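**Student:** Structure incoming, see below.
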Amino acid sequence: MGHLQVAAALLMLVTLACASSAPSGPPTASPAPPPTPRAGESVFDQEGTAFGFFPSPPEITLESVLRHFGDLGDHADFILAQPGIPWQAWESEGEPEPQPLIDLRNQAILAEQNGLEMVFVVDPLNGLNRREFLGLPAGWEASFANPEVRRAHKAFSLWIVRTFHPRYLGLASEINTYADAHPEDFANYLSLYEEVYQAVKAEAPETQIFVSFQWEDLNNLFPTAAEGRQPYQVNWDQVEAFEPNLDVWVISSYPFVAFPSGAAIPAGYYTPLLSRTEKPLAVAEGGYTSMPAGPFAGTPEDQVDYLEAVHAQLGSRLCFWVYLLLSDFDHDSYAAAMRTSGTSQADISTLELFESVGLQASDGTPKPGLAVWDNLRAGSPAVSP
């Protein structure tokens, strides 16, 4: 469905946070990345599931960012960084490093300071409307056939690999929703994926590469996007088009948009994945609202039911699991930052659907789901209780 696309404002705050928490002395213009974990120290080297969140603080303020990363360190093993592509950062050789790259380095430093590793997803699309690209320069054709789009996507993906040496790297998020909207361009994305996959593997064969698929859409539970297909008639062709070069099968899932309650999630909702592939599985984003959101219902107990459904149906196969938000966010704070960056009102309204998805309130008060999450994490071999 969508992650929080306020990356520019947030990452700039992270840069300020790094400066405020660094040892005395002037901040550097291009700080070094955090050290790569040595063999055996990474949570991803251990058996079991690694648990993570998006780094989305309750408010777009420096204090909120610092407090939020501390909270993340208490409830997660990693964060999922899903930056938009800095499309024109690769056009001039020898220029100073562009600010978006500096900001991402600083986000990694702040994560490392709080004991968190990182999973990366390179995201060319608008997280609140995956029918469109995000932030393309004026005059650029919005197509994966565009050589400029392809060059920038590949260059940014390789920069992440060379800079951070991630264990897991996504090359698009919820790509099936774009494929539904633009079937004529899907083959172009597939060829780009193959090109970037081979380039990354040539440099870092241990990096596990994936794209994520929106599970409710893949199951044709949105009538407007089902194109005549029946509910639960899974569009496996959209997933298997990436084989054999799909190292992990990864989904996103926000079942509150499809079911009246968490208890209504079918007992076999996620289990078709288990028999369709023998590869590792992961959840790259997901959650359940704890309050009514637009036309959708939600309660704190629905969050508990959602977490227990994912765990019961997929838990033994998940290599990592991302819940969208640790904390609810202040919609006014986010909306103001989004308006400043030119985000459309439609996207701001879509964001409202997710403001109560957090496992704790914006002031840090835990909801029942947080204890469930912590218990699942403590019970995983990936984390010592």
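All residue names refer to the structure tokens as shown: chains lettered A, B, ... in order, residues numbered from 1 in each chain, ligands numbered from 1 in order.
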Please list as an MDAnalysis selection string every residue within 9 Å of Trp90 (chain A), counting only C-alpha atoms and excluding residues in the same chain fewer than 4 positions away.
**Tutor:** chainID A and resid 86 151:152 155:156
**Student:** For the selection you just gave me, I'd like the residues written to a file as a PDB file, in the first residue's frame, keeping N, CA and C atoms.
**Tutor:**
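Final output, saved to selection-v7.pdb:
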ATOM      1  N   PRO A  86      17.894   9.497  -6.213  1.00  0.00           N
ATOM      2  CA  PRO A  86      18.354  10.841  -6.595  1.00  0.00           C
ATOM      3  C   PRO A  86      18.742  10.822  -8.077  1.00  0.00           C
ATOM      4  N   ARG A 151      19.830   4.148 -16.034  1.00  0.00           N
ATOM      5  CA  ARG A 151      21.189   4.471 -15.575  1.00  0.00           C
ATOM      6  C   ARG A 151      21.177   4.903 -14.112  1.00  0.00           C
ATOM      7  N   ALA A 152      20.220   5.759 -13.765  1.00  0.00           N
ATOM      8  CA  ALA A 152      20.172   6.259 -12.397  1.00  0.00           C
ATOM      9  C   ALA A 152      19.832   5.145 -11.409  1.00  0.00           C
ATOM     10  N   ALA A 155      22.965   2.962 -11.053  1.00  0.00           N
ATOM     11  CA  ALA A 155      24.044   3.656 -10.354  1.00  0.00           C
ATOM     12  C   ALA A 155      23.759   3.773  -8.862  1.00  0.00           C
ATOM     13  N   PHE A 156      22.523   4.109  -8.506  1.00  0.00           N
ATOM     14  CA  PHE A 156      22.163   4.248  -7.097  1.00  0.00           C
ATOM     15  C   PHE A 156      22.223   2.898  -6.385  1.00  0.00           C
TER      16      PHE A 156
END
**Student:** From a DSSP calculation on the backbone, collect every residue of region 200-359 of chain A in strand (DSSP E) and output the set as a ChimeraX atom specification.
**Tutor:** /A:208-210,212-214,249-253,281-286,318-323
**Student:** So that I can check the surroundings of Pro231 (chain A), please list as a list in words every protein, DNA and RNA residue that reaches within 8 Å of it, counting only C-alpha atoms and ignoring chain neighbours fewer than 4 positions away.
**Tutor:**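 Residues meeting the cut-off are Asn219, Asn220, Leu221 and Ala226 of chain A.
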**Student:** Return as JSON lines the residues of region 75-129 of chain A lying at most 9 Å from region 135-147 of chain A, together with the closest atom-to-atom pair for each and the distance in Å to one decimal, counting only C-alpha atoms, with rows in chain order and ascending residue number.
**Tutor:**
{"residue": "A:Gly84", "atom": "CA", "partner": "A:Gly135", "partner_atom": "CA", "distance": 8.0}
{"residue": "A:Ile85", "atom": "CA", "partner": "A:Gly135", "partner_atom": "CA", "distance": 8.1}
{"residue": "A:Pro86", "atom": "CA", "partner": "A:Gly135", "partner_atom": "CA", "distance": 8.3}
{"residue": "A:Trp87", "atom": "CA", "partner": "A:Leu136", "partner_atom": "CA", "distance": 6.7}
{"residue": "A:Gln88", "atom": "CA", "partner": "A:Pro137", "partner_atom": "CA", "distance": 7.7}
{"residue": "A:Pro124", "atom": "CA", "partner": "A:Gly135", "partner_atom": "CA", "distance": 8.5}
{"residue": "A:Leu125", "atom": "CA", "partner": "A:Gly135", "partner_atom": "CA", "distance": 8.5}
{"residue": "A:Asn126", "atom": "CA", "partner": "A:Gly135", "partner_atom": "CA", "distance": 8.2}
**Student:** Kindly provide the residues of region 249-288 of chain A that approach region 335-359 of chain A to within 10 Å, each paired with its closest atom pair and their distance in Å to one decimal, based on only C-alpha atoms, listed by chain and increasing number, as CSV.
**Tutor:**
residue,atom,partner,partner_atom,distance
A:Tyr254,CA,A:Val357,CA,9.6
A:Phe256,CA,A:Leu353,CA,10.0
A:Val257,CA,A:Leu353,CA,9.5
A:Gly286,CA,A:Val357,CA,8.9
A:Gly287,CA,A:Val357,CA,6.0
A:Tyr288,CA,A:Val357,CA,5.4
**Student:** Would you export the selected residues with N, CA and C atoms as a PDB file, in the first residue's frame, please?
**Tutor:**
ATOM      1  N   TYR A 254      -1.243  -5.038   4.099  1.00  0.00           N
ATOM      2  CA  TYR A 254      -2.059  -4.180   4.951  1.00  0.00           C
ATOM      3  C   TYR A 254      -3.498  -4.695   4.897  1.00  0.00           C
ATOM      4  N   PHE A 256      -6.049  -4.519   6.616  1.00  0.00           N
ATOM      5  CA  PHE A 256      -7.199  -3.713   7.042  1.00  0.00           C
ATOM      6  C   PHE A 256      -7.920  -3.080   5.863  1.00  0.00           C
ATOM      7  N   VAL A 257      -7.268  -3.029   4.688  1.00  0.00           N
ATOM      8  CA  VAL A 257      -7.937  -2.488   3.508  1.00  0.00           C
ATOM      9  C   VAL A 257      -8.803  -3.536   2.823  1.00  0.00           C
ATOM     10  N   GLY A 286       4.190  -3.643   6.316  1.00  0.00           N
ATOM     11  CA  GLY A 286       2.834  -4.083   6.602  1.00  0.00           C
ATOM     12  C   GLY A 286       2.390  -3.570   7.944  1.00  0.00           C
ATOM     13  N   GLY A 287       1.109  -3.782   8.235  1.00  0.00           N
ATOM     14  CA  GLY A 287       0.584  -3.360   9.506  1.00  0.00           C
ATOM     15  C   GLY A 287      -0.919  -3.317   9.488  1.00  0.00           C
ATOM     16  N   TYR A 288      -1.479  -2.961  10.637  1.00  0.00           N
ATOM     17  CA  TYR A 288      -2.931  -2.864  10.790  1.00  0.00           C
ATOM     18  C   TYR A 288      -3.232  -1.615  11.614  1.00  0.00           C
TER      19      TYR A 288
END
**Student:** Between CA of Ser157 (chain A) and CA of Phe120 (chain A), measure the distance and give it in Å to one decimal.
**Tutor:** 9.3 Å
**Student:** Could you give me, as a ChimeraX atom specification, each residue of region 36-254 of chain A that DSSP assigns to alpha helix (DSSP H) when run on this structure's backbone?
**Tutor:** /A:62-75,99-113,147-164,175-181,183-203,215-218,223-226,236-240
**Student:** List every residue of region 215-254 of chain A that has an atom at most 12 Å from any atom of region 296-314 of chain A, and for each one report the closest atom pair and its distance in Å to one decimal, counting only C-alpha atoms, with rows sorted by chain and then by increasing residue number, as CSV.
**Tutor:**
residue,atom,partner,partner_atom,distance
A:Trp249,CA,A:Leu314,CA,11.8
A:Val250,CA,A:Leu314,CA,11.5
A:Ile251,CA,A:Leu314,CA,11.3
A:Ser252,CA,A:Val310,CA,11.2
A:Ser253,CA,A:Val310,CA,9.5
A:Tyr254,CA,A:Tyr306,CA,9.1
**Student:** I'd like the interatomic distance between CA of Phe186 (chain A) and CA of Ala89 (chain A), to a tenth of an Å.
**Tutor:**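 Taking CA of Phe186 (chain A) and CA of Ala89 (chain A), their separation equals 25.0 Å.
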